[in-house]
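Engineer: Input structure: protein_36.json, which contains JSON, C-alpha atoms.
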```json
[["chain", "number", "residue", "atom", "x", "y", "z"],
["W", 1, "MET", "CA", -5.39, -6.01, 13.30],
["W", 2, "ASN", "CA", -6.35, -2.61, 12.01],
["W", 3, "ALA", "CA", -8.56, -2.66, 8.89],
["W", 4, "ARG", "CA", -9.76, 0.25, 6.78],
["W", 5, "PHE", "CA", -12.27, 0.23, 3.96],
["W", 6, "LEU", "CA", -12.36, 3.20, 1.63],
["W", 7, "ALA", "CA", -15.00, 4.18, -0.90],
["W", 8, "LEU", "CA", -13.34, 6.01, -3.75],
["W", 9, "GLY", "CA", -14.63, 7.63, -6.92],
["W", 10, "GLY", "CA", -13.23, 6.89, -10.35],
["W", 11, "LEU", "CA", -12.50, 3.47, -11.78],
["W", 12, "GLY", "CA", -16.27, 3.13, -12.14],
["W", 13, "GLY", "CA", -16.97, 4.06, -8.51],
["W", 14, "ALA", "CA", -14.60, 1.34, -7.39],
["W", 15, "LEU", "CA", -13.91, 0.40, -3.80],
["W", 16, "LEU", "CA", -10.30, 0.26, -2.67],
["W", 17, "ALA", "CA", -9.83, -1.60, 0.59],
["W", 18, "ALA", "CA", -6.77, -1.39, 2.76],
["W", 19, "ALA", "CA", -6.01, -3.62, 5.72],
["W", 20, "CYS", "CA", -3.04, -3.33, 8.02],
["W", 21, "SER", "CA", -1.80, -5.88, 10.52],
["W", 22, "HIS", "CA", 1.05, -5.59, 12.95],
["W", 23, "ALA", "CA", 3.51, -8.46, 13.11],
["W", 24, "ALA", "CA", 4.05, -9.94, 16.57],
["W", 25, "ARG", "CA", 7.36, -8.91, 18.07],
["W", 26, "SER", "CA", 8.96, -10.65, 21.03],
["W", 27, "ALA", "CA", 11.45, -7.85, 21.77],
["W", 28, "PRO", "CA", 11.97, -4.41, 20.27],
["W", 29, "PRO", "CA", 14.71, -4.39, 17.66],
["W", 30, "THR", "CA", 17.90, -2.62, 18.55],
["W", 31, "ASN", "CA", 19.00, -1.86, 15.03],
["W", 32, "PRO", "CA", 16.93, -0.65, 12.04],
["W", 33, "THR", "CA", 18.50, -3.33, 9.84],
["W", 34, "THR", "CA", 17.07, -6.06, 12.10],
["W", 35, "GLU", "CA", 13.49, -4.78, 11.81],
["W", 36, "ALA", "CA", 11.16, -6.61, 9.47],
["W", 37, "ALA", "CA", 10.33, -4.65, 6.35],
["W", 38, "ALA", "CA", 6.80, -3.37, 5.81],
["W", 39, "THR", "CA", 5.11, -4.83, 2.74],
["W", 40, "VAL", "CA", 2.08, -4.01, 0.62],
["W", 41, "LYS", "CA", 0.15, -6.73, -1.21],
["W", 42, "VAL", "CA", -1.85, -5.37, -4.13],
["W", 43, "VAL", "CA", -4.71, -7.53, -5.42],
["W", 44, "ASN", "CA", -5.82, -6.19, -8.81],
["W", 45, "ASP", "CA", -9.23, -7.64, -9.66],
["W", 46, "ASN", "CA", -9.62, -4.98, -12.35],
["W", 47, "VAL", "CA", -8.94, -5.64, -16.05],
["W", 48, "LEU", "CA", -6.65, -2.59, -16.26],
["W", 49, "ASP", "CA", -2.98, -2.68, -15.35],
["W", 50, "MET", "CA", -2.12, -0.37, -12.44],
["W", 51, "ASN", "CA", 0.94, 1.54, -11.22],
["W", 52, "VAL", "CA", 1.32, 1.62, -7.44],
["W", 53, "PHE", "CA", 2.88, 4.53, -5.54],
["W", 54, "VAL", "CA", 3.41, 5.37, -1.88],
["W", 55, "VAL", "CA", 3.39, 9.01, -0.72],
["W", 56, "SER", "CA", 5.39, 9.98, 2.36],
["W", 57, "SER", "CA", 6.05, 13.53, 3.55],
["W", 58, "GLY", "CA", 4.88, 14.89, 0.20],
["W", 59, "GLN", "CA", 7.22, 12.68, -1.84],
["W", 60, "ARG", "CA", 5.86, 10.01, -4.17],
["W", 61, "PHE", "CA", 7.74, 6.73, -4.66],
["W", 62, "ARG", "CA", 6.80, 4.22, -7.36],
["W", 63, "LEU", "CA", 6.57, 0.68, -5.96],
["W", 64, "GLY", "CA", 5.81, -1.06, -9.26],
["W", 65, "SER", "CA", 2.94, -2.19, -11.44],
["W", 66, "VAL", "CA", 0.28, -4.87, -11.13],
["W", 67, "ASN", "CA", -1.28, -6.42, -14.22],
["W", 68, "GLY", "CA", -5.05, -6.79, -14.38],
["W", 69, "GLY", "CA", -6.22, -9.93, -12.59],
["W", 70, "HIS", "CA", -2.91, -10.43, -10.77],
["W", 71, "THR", "CA", -1.46, -9.93, -7.29],
["W", 72, "GLU", "CA", 1.94, -8.46, -6.41],
["W", 73, "VAL", "CA", 3.74, -7.92, -3.11],
["W", 74, "PHE", "CA", 6.03, -4.90, -2.76],
["W", 75, "THR", "CA", 8.48, -4.13, 0.03],
["W", 76, "LEU", "CA", 8.25, -0.56, 1.25],
["W", 77, "PRO", "CA", 11.62, 1.25, 1.29],
["W", 78, "ARG", "CA", 13.08, 1.24, 4.82],
["W", 79, "ALA", "CA", 14.01, 4.90, 4.34],
["W", 80, "ILE", "CA", 10.33, 5.91, 4.44],
["W", 81, "VAL", "CA", 8.96, 3.50, 7.07],
["W", 82, "HIS", "CA", 10.08, 4.55, 10.53],
["W", 83, "TYR", "CA", 8.62, 3.74, 13.96],
["W", 84, "SER", "CA", 5.15, 4.87, 12.88],
["W", 85, "THR", "CA", 4.99, 6.64, 9.54],
["W", 86, "GLN", "CA", 1.96, 8.29, 7.94],
["W", 87, "LEU", "CA", 1.59, 7.02, 4.36],
["W", 88, "VAL", "CA", -0.88, 7.32, 1.51],
["W", 89, "PHE", "CA", -1.04, 4.81, -1.34],
["W", 90, "GLU", "CA", -1.83, 5.96, -4.85],
["W", 91, "ILE", "CA", -3.11, 3.69, -7.63],
["W", 92, "ARG", "CA", -2.89, 4.95, -11.21],
["W", 93, "SER", "CA", -4.38, 3.00, -14.09],
["W", 94, "ILE", "CA", -2.06, 2.54, -17.05],
["W", 95, "GLY", "CA", -3.56, 3.91, -20.24],
["W", 96, "ASN", "CA", -5.90, 6.52, -18.79],
["W", 97, "ALA", "CA", -5.82, 9.34, -16.26],
["W", 98, "SER", "CA", -7.64, 7.57, -13.42],
["W", 99, "VAL", "CA", -6.01, 8.04, -9.99],
["W", 100, "GLU", "CA", -7.20, 6.62, -6.66],
["W", 101, "THR", "CA", -5.71, 7.26, -3.23],
["W", 102, "THR", "CA", -6.18, 5.66, 0.17],
["W", 103, "GLU", "CA", -6.74, 7.47, 3.41],
["W", 104, "THR", "CA", -3.62, 8.37, 5.37],
["W", 105, "MET", "CA", -2.58, 5.41, 7.50],
["W", 106, "SER", "CA", 0.10, 4.73, 10.09],
["W", 107, "VAL", "CA", 2.60, 2.12, 8.94],
["W", 108, "SER", "CA", 5.34, 0.64, 11.11],
["W", 109, "PRO", "CA", 8.21, -1.70, 10.26],
["W", 110, "GLY", "CA", 6.89, -5.26, 9.92],
["W", 111, "ASP", "CA", 3.37, -4.22, 8.91],
["W", 112, "GLN", "CA", 1.62, -6.08, 6.09],
["W", 113, "ILE", "CA", -0.81, -3.95, 4.11],
["W", 114, "THR", "CA", -3.30, -5.31, 1.59],
["W", 115, "LEU", "CA", -4.82, -3.12, -1.13],
["W", 116, "LEU", "CA", -7.75, -4.47, -3.15],
["W", 117, "ILE", "CA", -8.53, -3.00, -6.54],
["W", 118, "PRO", "CA", -12.02, -4.22, -7.49],
["W", 119, "PRO", "CA", -13.33, -4.90, -11.00]]
```
Take the structure from the file and write it as structure tokens.

Structural biologist:
Amino acid sequence: MNARFLALGGLGGALLAAACSHAARSAPPTNPTTEAAATVKVVNDNVLDMNVFVVSSGQRFRLGSVNGGHTEVFTLPRAIVHYSTQLVFEIRSIGNASVETTETMSVSPGDQITLLIPP
């Protein structure tokens, strides 16, 4: 398991934590459609609703939104998660201009990423 903890400014000096774990694989897949999809679980302990984006190769993709006090799981598009892809996650609060980003992280098919948005 590979875990990363990031101290970020904004959102009241909030801490955004990201953890990444690799799913066990018995044999390498032979076809991209048989690979498990990478997912991101967003735990929003903040009172504000948040939009969640993933940035890959300079392109930003909206994954969805997470209401304050709720948790959502998003599947990352297979088109942007290859063998080992460098991704950045971006969290934007709805209703103000606050933006937080994670460090760049390697994500592979089957990975499960958890993002924590603190109060």

Engineer: Find, counting all atoms listed in the file, the residue in W:Ile91, W:Ile113, W:Leu76, W:Val81 that gets nearest to Val52 in chain W.

Structural biologist: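 Among the listed residues, the smallest separation from Val52 in chain W belongs to W:Ile91.
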
Engineer: At most 6 Å from (-7.9, -7.5, -3.6), file frame, all atoms listed in the file: which residues, as JSON, numbers by chain?

Structural biologist: {"W": [43, 44, 115, 116, 117]}

Engineer: I need the residues from that last selection saved to file as an mmCIF file, in the frame of the given file (with C-alpha atoms), if you can.

Structural biologist:
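again-v6.cif was written with the following content:
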```
data_model
loop_
_atom_site.group_PDB
_atom_site.id
_atom_site.type_symbol
_atom_site.label_atom_id
_atom_site.label_comp_id
_atom_site.auth_asym_id
_atom_site.auth_seq_id
_atom_site.Cartn_x
_atom_site.Cartn_y
_atom_site.Cartn_z
ATOM 1 C CA VAL W 43 -4.710 -7.530 -5.420
ATOM 2 C CA ASN W 44 -5.820 -6.190 -8.810
ATOM 3 C CA LEU W 115 -4.820 -3.120 -1.130
ATOM 4 C CA LEU W 116 -7.750 -4.470 -3.150
ATOM 5 C CA ILE W 117 -8.530 -3.000 -6.540
#
```

Engineer: Contacts of Thr85 in chain W at 8 Å or less, counting all atoms listed in the file, minus same-chain residues fewer than 4 places along, as number ranges by chain?

Structural biologist: W: 56, 80-81, 105-108

Engineer: Residues as selected, C-alpha atoms, written as an mmCIF file, keeping the file's coordinate frame, can you do that?

Structural biologist:
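Ended up saving to result.cif:
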```cif
data_model
loop_
_atom_site.group_PDB
_atom_site.id
_atom_site.type_symbol
_atom_site.label_atom_id
_atom_site.label_comp_id
_atom_site.auth_asym_id
_atom_site.auth_seq_id
_atom_site.Cartn_x
_atom_site.Cartn_y
_atom_site.Cartn_z
ATOM 1 C CA SER W 56 5.390 9.980 2.360
ATOM 2 C CA ILE W 80 10.330 5.910 4.440
ATOM 3 C CA VAL W 81 8.960 3.500 7.070
ATOM 4 C CA MET W 105 -2.580 5.410 7.500
ATOM 5 C CA SER W 106 0.100 4.730 10.090
ATOM 6 C CA VAL W 107 2.600 2.120 8.940
ATOM 7 C CA SER W 108 5.340 0.640 11.110
#
```

Engineer: Which residue, W:Ala97, W:Ala79, W:Met50, W:Thr102, has the smallest gap to Val66 in chain W when you use only C-alpha atoms?

Structural biologist: W:Met50

Engineer: With distances taken over all atoms listed in the file, which residue among W:Ala37, W:Gln86, W:Thr71, W:Phe53 lies nearest Val99 in chain W?

Structural biologist: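 Closest to Val99 in chain W, using all atoms listed in the file: W:Phe53.
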
Engineer: For the atom pair CA of Gln112 in chain W and CA of Lys41 in chain W, what is the interatomic distance in Å to one decimal place?

Structural biologist: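 Here the two named atoms are 7.5 Å from each other.
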
Engineer: Point out the residue among W:Glu90, W:Gly64, W:Gly69, W:Thr114 with the least atom-to-atom distance to Val42 in chain W, counting only C-alpha atoms.

Structural biologist: W:Thr114

Engineer: So the first atom is CA of Gly68 in chain W and the second is CA of Gly110 in chain W; what is the distance between them in Å, to one decimal place?

Structural biologist: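 Interatomic distance here is 27.1 Å.
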
Engineer: Given the choices W:Asn67, W:Ser98, W:Val54, W:Gln59, which gets closest to Thr39 in chain W if the distance is worked out from all atoms listed in the file?

Structural biologist: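 Under the stated criterion, the closest residue is W:Val54.
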
Engineer: What is the distance between CA of Glu35 in chain W and CA of His82 in chain W, in Å to one decimal?

Structural biologist: 10.0 Å

Engineer: Could you check which of W:Ile94, W:Asp111, W:Thr104, W:Phe61 is closest to Val47 in chain W, using all atoms listed in the file?

Structural biologist: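 Between W:Ile94, W:Asp111, W:Thr104, W:Phe61, the residue approaching Val47 in chain W most closely is W:Ile94.
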
Engineer: Would you be able to write out as an MDAnalysis selection string which residues have an atom within 7 Å of (5.8, -2.9, -5.8) in the file's coordinates, counting only C-alpha atoms?

Structural biologist: chainID W and resid 52 63:65 72:75
